[in-house]
Amino acid sequence: MVNLKEQVGLKAAEFVTDGMIVGLGTGSTAYYFVQELGRRVQEEGLSILGVTTSNATSEHAASLGIPLKSIDEVPYVDITVDGADEVDAAFNGIKGGGAALLMEKIVAVNSKECIWIVDESKVVDTLGAFKLPVEVVQYGAENLFKSFEEKGYRPSFRMKDGVKLVTDMKNYIIDLDLREIPDAVALSNELDHTVGVVEHGLFIQLVSKVIVGYPDGPRFLEKR
Ligand code: 5RP
């Protein structure tokens with residue numbers, strides 16, 4: 001059986017050339033992109049600098065011998081390749097299933113180009129079936145949770161080993177079970193202006209290419 005995640009990871013790696021500063025995404029799809037870059041570094045002498053979007057990706061990339069810098073040590077990122085949890089035809093999407101949305105968005109907005117790699121199951125007509133991750137500071141998180149409940153957003157704290165998950169940036173994640181997000185831009189603006197919210201998983205117009213894995217080969221999603 002074709003591994004759709006590997007297929008799109010390899011396709012995206014074709015956009016990386018010598019000398020680039022490369023944003024390295026997080027998750028089981030971005031894994032294959034990082035793996036391929038590691039192979040090229042080792043076998044072909046590819047010379048790149050990686051900027052990672054999570055501690056997990058830092059460990060993975062370092063284990064492959066990819067030289068790394070933090071986002072504050074580079075002037076910009078040439079290209080970032082990352083996965084996504086949902087993407088629509090306007091190239092808006094939901095990210096944060098792996099709890100790395102804050103670092104992912106910071107690296108994305110500092111990138112000249114962003115590419116998402118997804119399998120066909122991630123392409124949707126309307127965002128929202130995937131619970132929207134919202135990263136919140138720990139102080140006041142319970143009150144924020146209540147206000148999301150009052151708005152009918154069906155919040156739940158992301159848990160790990162029976163306690164609230166703490167992100168790489170030391171915050172909590174509240175997942176909103178919205179089912180459908182009719183106006184992603186309006187909700188993004190609302191969350192941007194909610195005190196205590198550090199960042200949210202709505203990525204609005206941040207990518208220029210979406211590579212989708214299908215059993216018969218990868219295709220670029222057409223923007224509408
Ligand atoms: C992590 C992310 C991931 O990119 C997203 O969850 C997709 O992951 P996967 O490729 O494992 O399905 O946003 O915060």
# chains A, B, ... in the order shown; residues from 1 in each chain; ligands from 1
$ residues_around --residues "range 107-116 of chain A" --least-positions-apart "4" --cutoff "7 Å" --atoms "only C-alpha atoms" --output "list of chain:residue names"
A:Gly23, A:Thr53, A:Ile71, A:Tyr76, A:Val77, A:Asp78, A:Ile79, A:Thr80, A:Val81, A:Asp82, A:Gly83, A:Ala84, A:Met103, A:Leu206, A:Val207, A:Ser208, A:Lys209, A:Val210, A:Ile211
$ residues_around --residues "range 138-146 of chain A" --least-positions-apart "5" --cutoff "10 Å" --atoms "only C-alpha atoms" --output "JSON, numbers by chain"
{"A": [151, 152, 153, 154, 155, 156, 157, 164, 166, 170, 171, 172, 173, 174, 175, 176, 194, 195, 196, 197]}
$ closest_residue --among "A:Ala61, A:Leu46, A:Leu202, A:Val2" --to "Glu14 in chain A" --atoms "only C-alpha atoms"
A:Leu46
$ residues_near_ligand --ligand "ligand 1" --cutoff "8 Å" --atoms "only C-alpha atoms and all ligand atoms" --output "PyMOL selection string"
chain A and resi 5+25-31+82-85+94-101+104+117-118+201
$ closest_residue --among "A:Val87, A:Val212, A:Leu68, A:Ala12" --to "Val124 in chain A" --atoms "only C-alpha atoms"
A:Val87
$ select_by_dssp --residues "range 7-211 of chain A" --states "helix (DSSP H, G or I)" --output "MDAnalysis selection string"
chainID A and resid 7:13 30:44 55:63 71:73 101:109 120:122 141:150 184:192
$ select_by_dssp --residues "range 58-186 of chain A" --states "strand (DSSP E)" --output "PyMOL selection string"
chain A and resi 77-82+86-87+93-94+111-119+132-136+155-157+159-160+163-164+172-176
$ residues_around --residues "Arg219 in chain A" --least-positions-apart "2" --cutoff "10 Å" --atoms "only C-alpha atoms" --output "list in words"
Val8, Lys11, Glu120, Val210, Ile211, Val212, Gly213, Tyr214, Asp216, Gly217, Leu221 and Glu222 of chain A
$ closest_residue --among "A:Gln35, A:Val134, A:Asp125, A:Phe148" --to "Glu59 in chain A" --atoms "only C-alpha atoms"
A:Gln35
$ closest_residue --among "A:Ala90, A:Thr57, A:Met159, A:Glu73" --to "Lys223 in chain A" --atoms "only C-alpha atoms"
A:Ala90
$ closest_residue --among "A:Leu165, A:Val137, A:Leu127, A:Ile204" --to "Glu180 in chain A" --atoms "only C-alpha atoms"
A:Leu127
$ closest_residue --among "A:Val123, A:Met1, A:Ala13, A:Val198" --to "Leu102 in chain A" --atoms "only C-alpha atoms"
A:Val198
